[in-house]
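Asker: data26.tsv is the file, holding TSV, C-alpha atoms:
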chain	number	residue	atom	x	y	z
A	1	MET	CA	6.47	15.93	-28.49
A	2	HIS	CA	9.21	17.10	-30.82
A	3	ARG	CA	11.47	14.33	-32.08
A	4	SER	CA	14.64	15.96	-30.75
A	5	GLU	CA	13.05	16.04	-27.30
A	6	LEU	CA	12.08	12.37	-27.59
A	7	ALA	CA	15.72	11.51	-28.34
A	8	ARG	CA	16.69	12.67	-24.84
A	9	TYR	CA	15.00	9.62	-23.31
A	10	PHE	CA	17.19	7.08	-25.16
A	11	LYS	CA	20.61	6.02	-23.95
A	12	ASP	CA	23.42	4.22	-25.74
A	13	ASN	CA	23.56	1.61	-22.98
A	14	LEU	CA	19.87	0.82	-23.60
A	15	PHE	CA	20.40	0.05	-27.29
A	16	LEU	CA	20.41	-3.57	-28.39
A	17	ALA	CA	20.76	-4.12	-32.15
A	18	GLY	CA	20.77	-7.92	-31.87
A	19	LEU	CA	18.00	-9.33	-29.70
A	20	LYS	CA	18.54	-13.05	-29.18
A	21	SER	CA	15.10	-14.01	-27.84
A	22	GLY	CA	12.75	-16.26	-29.74
A	23	SER	CA	9.55	-15.69	-27.78
A	24	LYS	CA	7.48	-12.81	-26.46
A	25	GLU	CA	8.24	-13.62	-22.84
A	26	ASP	CA	11.97	-13.87	-23.48
A	27	ALA	CA	12.04	-10.65	-25.49
A	28	ILE	CA	10.39	-8.72	-22.66
A	29	ALA	CA	12.86	-10.21	-20.17
A	30	GLU	CA	15.86	-9.55	-22.43
A	31	LEU	CA	14.95	-5.90	-22.85
A	32	LEU	CA	14.21	-5.46	-19.16
A	33	ASP	CA	17.52	-7.05	-18.27
A	34	ILE	CA	19.37	-4.20	-19.96
A	35	PHE	CA	17.73	-1.77	-17.51
A	36	VAL	CA	18.73	-4.06	-14.65
A	37	GLN	CA	22.33	-4.57	-15.84
A	38	GLU	CA	22.76	-0.85	-16.26
A	39	LYS	CA	21.36	-0.35	-12.74
A	40	TYR	CA	18.33	1.72	-13.74
A	41	ILE	CA	16.10	-0.88	-12.07
A	42	ARG	CA	16.79	-2.57	-8.73
A	43	ASN	CA	13.84	-4.93	-8.50
A	44	ARG	CA	13.53	-6.84	-11.77
A	45	ASP	CA	10.60	-8.99	-10.62
A	46	ILE	CA	8.34	-6.04	-9.90
A	47	VAL	CA	8.91	-4.44	-13.30
A	48	LEU	CA	8.60	-7.78	-15.08
A	49	GLU	CA	5.26	-8.32	-13.35
A	50	MET	CA	4.09	-4.87	-14.47
A	51	LEU	CA	5.10	-5.57	-18.08
A	52	HIS	CA	3.28	-8.91	-18.03
A	53	GLN	CA	0.17	-7.25	-16.62
A	54	ARG	CA	0.40	-4.67	-19.41
A	55	GLU	CA	0.32	-7.50	-21.95
A	56	THR	CA	-2.74	-8.87	-20.14
A	57	LEU	CA	-4.45	-5.57	-20.93
A	58	GLY	CA	-3.62	-6.07	-24.60
A	59	SER	CA	-0.57	-6.83	-26.68
A	60	THR	CA	1.77	-3.89	-27.09
A	61	GLY	CA	2.62	-5.29	-30.52
A	62	ILE	CA	1.03	-2.47	-32.52
A	63	GLY	CA	1.52	-4.14	-35.89
A	64	LYS	CA	3.85	-3.64	-38.88
A	65	GLY	CA	6.68	-5.38	-37.02
A	66	VAL	CA	6.67	-3.00	-34.05
A	67	ALA	CA	6.09	-3.49	-30.31
A	68	ILE	CA	6.17	-0.84	-27.60
A	69	PRO	CA	6.03	-2.66	-24.24
A	70	HIS	CA	5.43	0.08	-21.70
A	71	GLY	CA	4.19	1.01	-18.28
A	72	ARG	CA	4.55	3.12	-15.22
A	73	THR	CA	6.12	1.50	-12.21
A	74	THR	CA	6.81	2.58	-8.67
A	75	ALA	CA	10.14	0.79	-9.09
A	76	ALA	CA	11.55	3.45	-11.45
A	77	ALA	CA	12.58	7.07	-10.94
A	78	ASP	CA	13.02	8.30	-14.49
A	79	VAL	CA	11.43	7.83	-17.89
A	80	LEU	CA	13.70	5.66	-20.02
A	81	ILE	CA	13.40	3.87	-23.34
A	82	ALA	CA	15.30	0.79	-24.46
A	83	PHE	CA	15.50	-0.13	-28.12
A	84	GLY	CA	15.89	-3.69	-29.34
A	85	LYS	CA	15.95	-5.19	-32.81
A	86	SER	CA	15.38	-8.77	-33.80
A	87	GLU	CA	16.53	-9.83	-37.27
A	88	ALA	CA	14.47	-13.03	-37.22
A	89	GLY	CA	11.33	-11.46	-35.78
A	90	ILE	CA	9.41	-12.60	-32.72
A	91	ASP	CA	5.81	-13.73	-32.35
A	92	PHE	CA	4.48	-11.06	-29.97
A	93	ASP	CA	0.71	-11.58	-30.39
A	94	ALA	CA	0.78	-8.34	-32.37
A	95	ILE	CA	-2.57	-6.92	-33.50
A	96	ASP	CA	-1.81	-7.85	-37.13
A	97	GLY	CA	-0.38	-11.26	-36.18
A	98	LYS	CA	2.94	-10.46	-37.83
A	99	PRO	CA	6.32	-11.07	-36.17
A	100	VAL	CA	7.90	-8.12	-34.40
A	101	HIS	CA	11.36	-6.86	-35.33
A	102	LEU	CA	11.49	-3.47	-33.62
A	103	PHE	CA	11.01	-3.10	-29.87
A	104	PHE	CA	10.80	0.07	-27.81
A	105	MET	CA	10.44	-0.60	-24.09
A	106	VAL	CA	9.24	2.47	-22.23
A	107	ILE	CA	9.49	2.49	-18.43
A	108	ALA	CA	8.15	5.45	-16.46
A	109	PRO	CA	7.82	6.35	-12.78
A	110	PRO	CA	4.40	6.89	-11.12
A	111	ASN	CA	4.79	10.65	-11.56
A	112	ASP	CA	7.09	12.01	-14.18
A	113	GLU	CA	8.38	15.52	-14.44
A	114	GLY	CA	6.54	17.35	-17.18
A	115	ASN	CA	4.14	14.43	-17.74
A	116	VAL	CA	6.13	13.22	-20.72
A	117	TYR	CA	5.20	9.54	-20.57
A	118	LEU	CA	2.06	9.63	-22.72
A	119	PRO	CA	3.53	12.18	-25.20
A	120	ILE	CA	6.55	9.86	-25.57
A	121	LEU	CA	4.28	6.93	-26.42
A	122	GLY	CA	2.35	9.11	-28.87
A	123	SER	CA	5.51	10.36	-30.51
A	124	LEU	CA	6.88	6.83	-30.90
A	125	VAL	CA	3.62	5.64	-32.48
A	126	THR	CA	3.74	8.55	-34.95
A	127	ILE	CA	7.36	7.90	-35.95
A	128	LEU	CA	6.81	4.16	-36.27
A	129	ASN	CA	3.68	4.56	-38.35
A	130	GLU	CA	5.93	5.82	-41.15
A	131	LYS	CA	7.21	2.99	-43.29
A	132	ALA	CA	10.40	4.89	-44.18
A	133	ASN	CA	11.34	5.12	-40.49
A	134	ARG	CA	10.61	1.44	-39.89
A	135	ASP	CA	12.72	0.46	-42.91
A	136	LYS	CA	15.65	2.54	-41.67
A	137	LEU	CA	15.37	1.13	-38.15
A	138	GLN	CA	15.40	-2.42	-39.52
A	139	LYS	CA	18.85	-1.72	-40.93
A	140	VAL	CA	20.27	0.33	-38.05
A	141	ALA	CA	23.50	-0.96	-36.51
A	142	THR	CA	24.86	1.89	-34.40
A	143	TYR	CA	23.38	4.06	-31.70
A	144	GLN	CA	24.36	7.26	-33.53
A	145	ASP	CA	22.50	6.16	-36.68
A	146	PHE	CA	19.57	5.17	-34.52
A	147	LEU	CA	19.39	8.63	-32.93
A	148	SER	CA	19.49	10.26	-36.37
A	149	ILE	CA	16.44	8.24	-37.40
A	150	ILE	CA	14.61	9.17	-34.20
A	151	THR	CA	15.37	12.87	-34.56
A	152	GLY	CA	14.69	12.77	-38.31
A	153	GLU	CA	17.94	14.62	-39.02
B	1	MET	CA	8.88	-14.00	-7.49
B	2	ILE	CA	7.07	-11.26	-5.59
B	3	LYS	CA	6.42	-12.21	-1.98
B	4	LYS	CA	6.91	-9.30	0.34
B	5	ASP	CA	3.99	-7.05	1.35
B	6	LEU	CA	5.70	-3.93	0.06
B	7	GLU	CA	6.41	-5.56	-3.30
B	8	LEU	CA	2.80	-6.69	-3.57
B	9	LEU	CA	1.65	-3.13	-2.86
B	10	VAL	CA	4.01	-1.75	-5.48
B	11	SER	CA	2.65	-4.22	-8.03
B	12	LEU	CA	-0.89	-3.32	-7.06
B	13	GLN	CA	-0.17	0.35	-7.54
B	14	ASP	CA	1.49	-0.38	-10.90
B	15	ILE	CA	-1.74	-2.04	-12.06
B	16	ASP	CA	-3.82	0.84	-10.69
B	17	LEU	CA	-1.63	3.30	-12.61
B	18	MET	CA	-2.24	1.23	-15.74
B	19	ILE	CA	-5.99	1.19	-15.17
B	20	GLU	CA	-5.97	4.98	-14.66
B	21	GLU	CA	-4.46	5.53	-18.10
B	22	VAL	CA	-6.33	2.89	-20.09
B	23	GLY	CA	-8.33	5.52	-21.99
B	24	ASP	CA	-5.20	7.49	-22.86
B	25	VAL	CA	-3.23	4.55	-24.22
B	26	GLU	CA	-6.26	3.34	-26.17
B	27	LYS	CA	-6.47	6.75	-27.87
B	28	LEU	CA	-2.85	6.32	-28.94
B	29	GLY	CA	-3.80	3.12	-30.76
B	30	PHE	CA	-2.83	0.44	-28.23
B	31	SER	CA	-5.02	-2.58	-27.62
B	32	VAL	CA	-6.86	-2.61	-24.29
B	33	SER	CA	-9.08	-5.58	-25.08
B	34	GLY	CA	-8.02	-7.33	-21.86
B	35	TYR	CA	-9.36	-4.66	-19.51
B	36	THR	CA	-11.64	-7.13	-17.70
B	37	GLU	CA	-8.75	-9.60	-17.28
B	38	LEU	CA	-6.54	-6.83	-15.89
B	39	LYS	CA	-9.21	-5.82	-13.36
B	40	LYS	CA	-9.47	-9.48	-12.36
B	41	ALA	CA	-5.68	-9.72	-11.95
B	42	ARG	CA	-5.84	-6.62	-9.79
B	43	GLU	CA	-8.45	-8.17	-7.51
B	44	GLU	CA	-6.46	-11.42	-7.27
B	45	LEU	CA	-3.35	-9.51	-6.28
B	46	ALA	CA	-5.26	-7.39	-3.76
B	47	ALA	CA	-6.60	-10.59	-2.15
B	48	ASN	CA	-3.01	-11.52	-1.25
B	49	ILE	CA	-2.47	-8.34	0.75
B	50	SER	CA	-3.53	-8.11	4.38
B	51	LYS	CA	-6.77	-6.17	4.85
B	52	PRO	CA	-5.32	-3.45	7.15
B	53	LEU	CA	-2.48	-2.80	4.72
B	54	LEU	CA	-4.81	-2.74	1.75
B	55	PHE	CA	-7.08	-0.33	3.61
B	56	ARG	CA	-4.12	1.92	4.32
B	57	TYR	CA	-3.10	1.80	0.66
B	58	GLU	CA	-6.61	2.62	-0.58
B	59	ARG	CA	-6.97	5.46	1.89
B	60	LEU	CA	-3.64	7.00	0.88
B	61	ARG	CA	-4.49	6.61	-2.80
B	62	GLY	CA	-7.81	8.34	-2.27
B	63	LYS	CA	-6.14	11.20	-0.46
B	64	LEU	CA	-2.80	11.60	-2.26
B	65	LYS	CA	-3.31	9.80	-5.60
B	66	ARG	CA	-0.03	7.88	-5.19
B	67	ALA	CA	0.08	5.76	-2.04
B	68	ILE	CA	3.65	4.56	-2.55
B	69	VAL	CA	6.43	6.63	-4.01
B	70	PRO	CA	9.98	5.85	-5.01
B	71	VAL	CA	12.92	7.06	-2.92
B	72	LYS	CA	16.10	7.90	-4.78
B	73	ASN	CA	19.29	9.25	-3.18
B	74	ASP	CA	17.27	9.29	0.07
B	75	ILE	CA	14.76	11.75	-1.42
B	76	CYS	CA	11.03	10.95	-1.31
B	77	LEU	CA	9.88	11.46	-4.90
B	78	GLY	CA	6.39	12.29	-3.65
B	79	CYS	CA	7.29	15.49	-1.76
B	80	PHE	CA	11.08	15.70	-2.30
B	81	LEU	CA	11.92	15.64	1.39
B	82	ARG	CA	15.20	13.98	2.35
B	83	GLN	CA	14.66	10.80	4.36
B	84	PRO	CA	16.88	9.90	7.31
B	85	THR	CA	19.80	7.76	6.07
B	86	SER	CA	19.23	5.39	8.98
B	87	ILE	CA	15.85	4.20	7.66
B	88	GLY	CA	17.23	3.78	4.13
B	89	VAL	CA	19.33	0.79	5.14
B	90	LYS	CA	16.28	-1.10	6.36
B	91	GLY	CA	14.06	0.37	3.65
B	92	ARG	CA	16.13	-1.22	0.92
B	93	GLU	CA	15.44	-4.68	2.31
B	94	ASP	CA	11.74	-4.24	1.45
B	95	GLU	CA	10.83	-6.04	4.69
B	96	GLN	CA	9.43	-3.11	6.60
B	97	ILE	CA	7.13	-0.39	5.33
B	98	PHE	CA	8.27	3.15	6.08
B	99	THR	CA	6.30	6.29	5.48
B	100	CYS	CA	7.51	9.77	4.64
B	101	GLU	CA	7.19	11.93	7.72
B	102	ASN	CA	6.30	14.89	5.56
B	103	CYS	CA	3.74	13.63	3.03
B	104	GLY	CA	2.69	10.37	4.69
B	105	ARG	CA	3.16	8.22	1.60
B	106	MET	CA	4.67	4.75	1.83
B	107	LEU	CA	8.24	4.61	0.57
B	108	TYR	CA	9.94	2.29	-1.89
B	109	TRP	CA	13.74	2.55	-2.20
B	110	LEU	CA	15.15	2.39	-5.70
B	111	ASP	CA	18.87	2.39	-5.02
Just give me the structure as structure tokens.
Answerer:
Amino acid sequence: MHRSELARYFKDNLFLAGLKSGSKEDAIAELLDIFVQEKYIRNRDIVLEMLHQRETLGSTGIGKGVAIPHGRTTAAADVLIAFGKSEAGIDFDAIDGKPVHLFFMVIAPPNDEGNVYLPILGSLVTILNEKANRDKLQKVATYQDFLSIITGE
Amino acid sequence: MIKKDLELLVSLQDIDLMIEEVGDVEKLGFSVSGYTELKKAREELAANISKPLLFRYERLRGKLKRAIVPVKNDICLGCFLRQPTSIGVKGREDEQIFTCENCGRMLYWLD
């Protein structure tokens, strides 16, 4: 997926530059709560359960300070991504054991138009594998700057 | 806390969707080392659902791939048929399970 296309799935009201959580469980809940507050999700418990089950399958902490909690749920209609950043870093059982600073929560419906869910995950992994992108994201403070990093422009 | 039958079914389907795509997410570099634990969690959840309802779910999944589909703005997102507004009021309470008259899938209201 092209980076400009990926950018379409972010929203300024799902951007959180200062995550307050200190634990994995709290970080997942804090990110999910943005979806709930902004009324993208009606039933928080169902989506929280799905995200916990996803962590049962394996930590979505992919290493190098990045986590991409994700999943399809029947309790969502559209593919959406929330971004969160923790200055202090959070123990997320990441595959390299390092604390996570950058979080991308991807929520998708059971069927998504154009089957973009997996390409979105792939595109995020590719962008976040680049150290330069991770370094820029660590410093990002505004949504506009964030989008520029995502699009690579 | 998830208690209602419909919510349990939605959670079950969410796990089934996850299981379906395990190979794909693994290829992207995500850990799937807990596959056995996830399957176990799926069976534990399924054990909390009444047998007739579980049978209905499995049968619909076998036939239509998605047994439960979201409803948004009164539209079934399985077949895109508008649902009667009258059932939406009750549907949103998650107490009763409604099916789409057109595609036969169980419905879950999002708004």
Asker: Considering all atoms listed in the file, can you say which of A:Leu121, A:Leu31, A:Val36, A:Leu102 comes closest to Phe30 (chain B)?
Answerer: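 Counting all atoms listed in the file, the residue closest to Phe30 (chain B) is A:Leu121.
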Asker: In Å, with one decimal, what is the gap from CA of Phe83 (chain A) to CA of Val116 (chain A)?
Answerer: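 Spanning CA of Phe83 (chain A) to CA of Val116 (chain A) is a straight-line distance of 17.9 Å.
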Asker: Just give me the gap between CA of Val100 (chain A) and CA of Lys24 (chain A) in Å, one decimal is fine.
Answerer: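 Atom-to-atom, CA of Val100 (chain A) and CA of Lys24 (chain A) are spaced 9.2 Å apart.
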Asker: Around the point (11.1, 2.7, -17.3) (coordinates from the file), which residues reach within 6 Å if we count all atoms listed in the file? Answer as an MDAnalysis selection string.
Answerer: chainID A and resid 76 79:80 106:108
Asker: Which chain B residues are at most 8 Å from chain A (counting all atoms listed in the file), as a PyMOL selection string?
Answerer: chain B and resi 1-2+7+10-11+13-15+17-18+24-25+28-35+37-38+41+66+68-70+72+77+108-111
Asker: Kindly give the distance, in Å, that separates CA of Gln37 (chain A) and CA of Ser86 (chain A), rounded to a single decimal.
Answerer: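 Atom-to-atom, CA of Gln37 (chain A) to CA of Ser86 (chain A), that is 19.7 Å.
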Asker: For region 70-73 of chain A, take all atoms listed in the file, fit an axis-aligned box around them, add 8 Å to each of the six sides, then output centre and edge lengths in Å rounded to one decimal, as JSON.
Answerer:
{"center_x": 5.2, "center_y": 1.6, "center_z": -17.0, "size_x": 17.9, "size_y": 19.0, "size_z": 25.5}
Asker: Could you name the residues that touch Leu81 (chain B) at 12 Å or less, counting all atoms listed in the file, but leaving out those on the same chain fewer than 5 positions away, as a list in words?
Answerer: Val69, Pro70, Val71, Lys72, Asn73, Asp74, Ile75, Cys76, Thr99, Cys100, Glu101, Asn102, Cys103, Gly104, Arg105 and Leu107 of chain B
Asker: Could you give me, as a ChimeraX atom specification, the residues that have an atom at most 10 Å away from the point (10.8, 12.8, -27.2) in the coordinates of the file, using only C-alpha atoms?
Answerer: /A:1-10,116-117,119-124,150-151
Asker: Near Lys98 (chain A), within 9 Å and counting all atoms listed in the file, which residues show up once chain neighbours fewer than 4 positions away are dropped, as a PDB file with C-alpha atoms, in the frame of the given file?
Answerer:
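Ended up saving to part.pdb:
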ATOM      1  CA  GLY A  61       2.620  -5.290 -30.520  1.00  0.00           C
ATOM      2  CA  GLY A  63       1.520  -4.140 -35.890  1.00  0.00           C
ATOM      3  CA  LYS A  64       3.850  -3.640 -38.880  1.00  0.00           C
ATOM      4  CA  GLY A  65       6.680  -5.380 -37.020  1.00  0.00           C
ATOM      5  CA  GLY A  89      11.330 -11.460 -35.780  1.00  0.00           C
ATOM      6  CA  ILE A  90       9.410 -12.600 -32.720  1.00  0.00           C
ATOM      7  CA  ASP A  91       5.810 -13.730 -32.350  1.00  0.00           C
ATOM      8  CA  PHE A  92       4.480 -11.060 -29.970  1.00  0.00           C
ATOM      9  CA  ASP A  93       0.710 -11.580 -30.390  1.00  0.00           C
ATOM     10  CA  ALA A  94       0.780  -8.340 -32.370  1.00  0.00           C
TER      11      ALA A  94
END
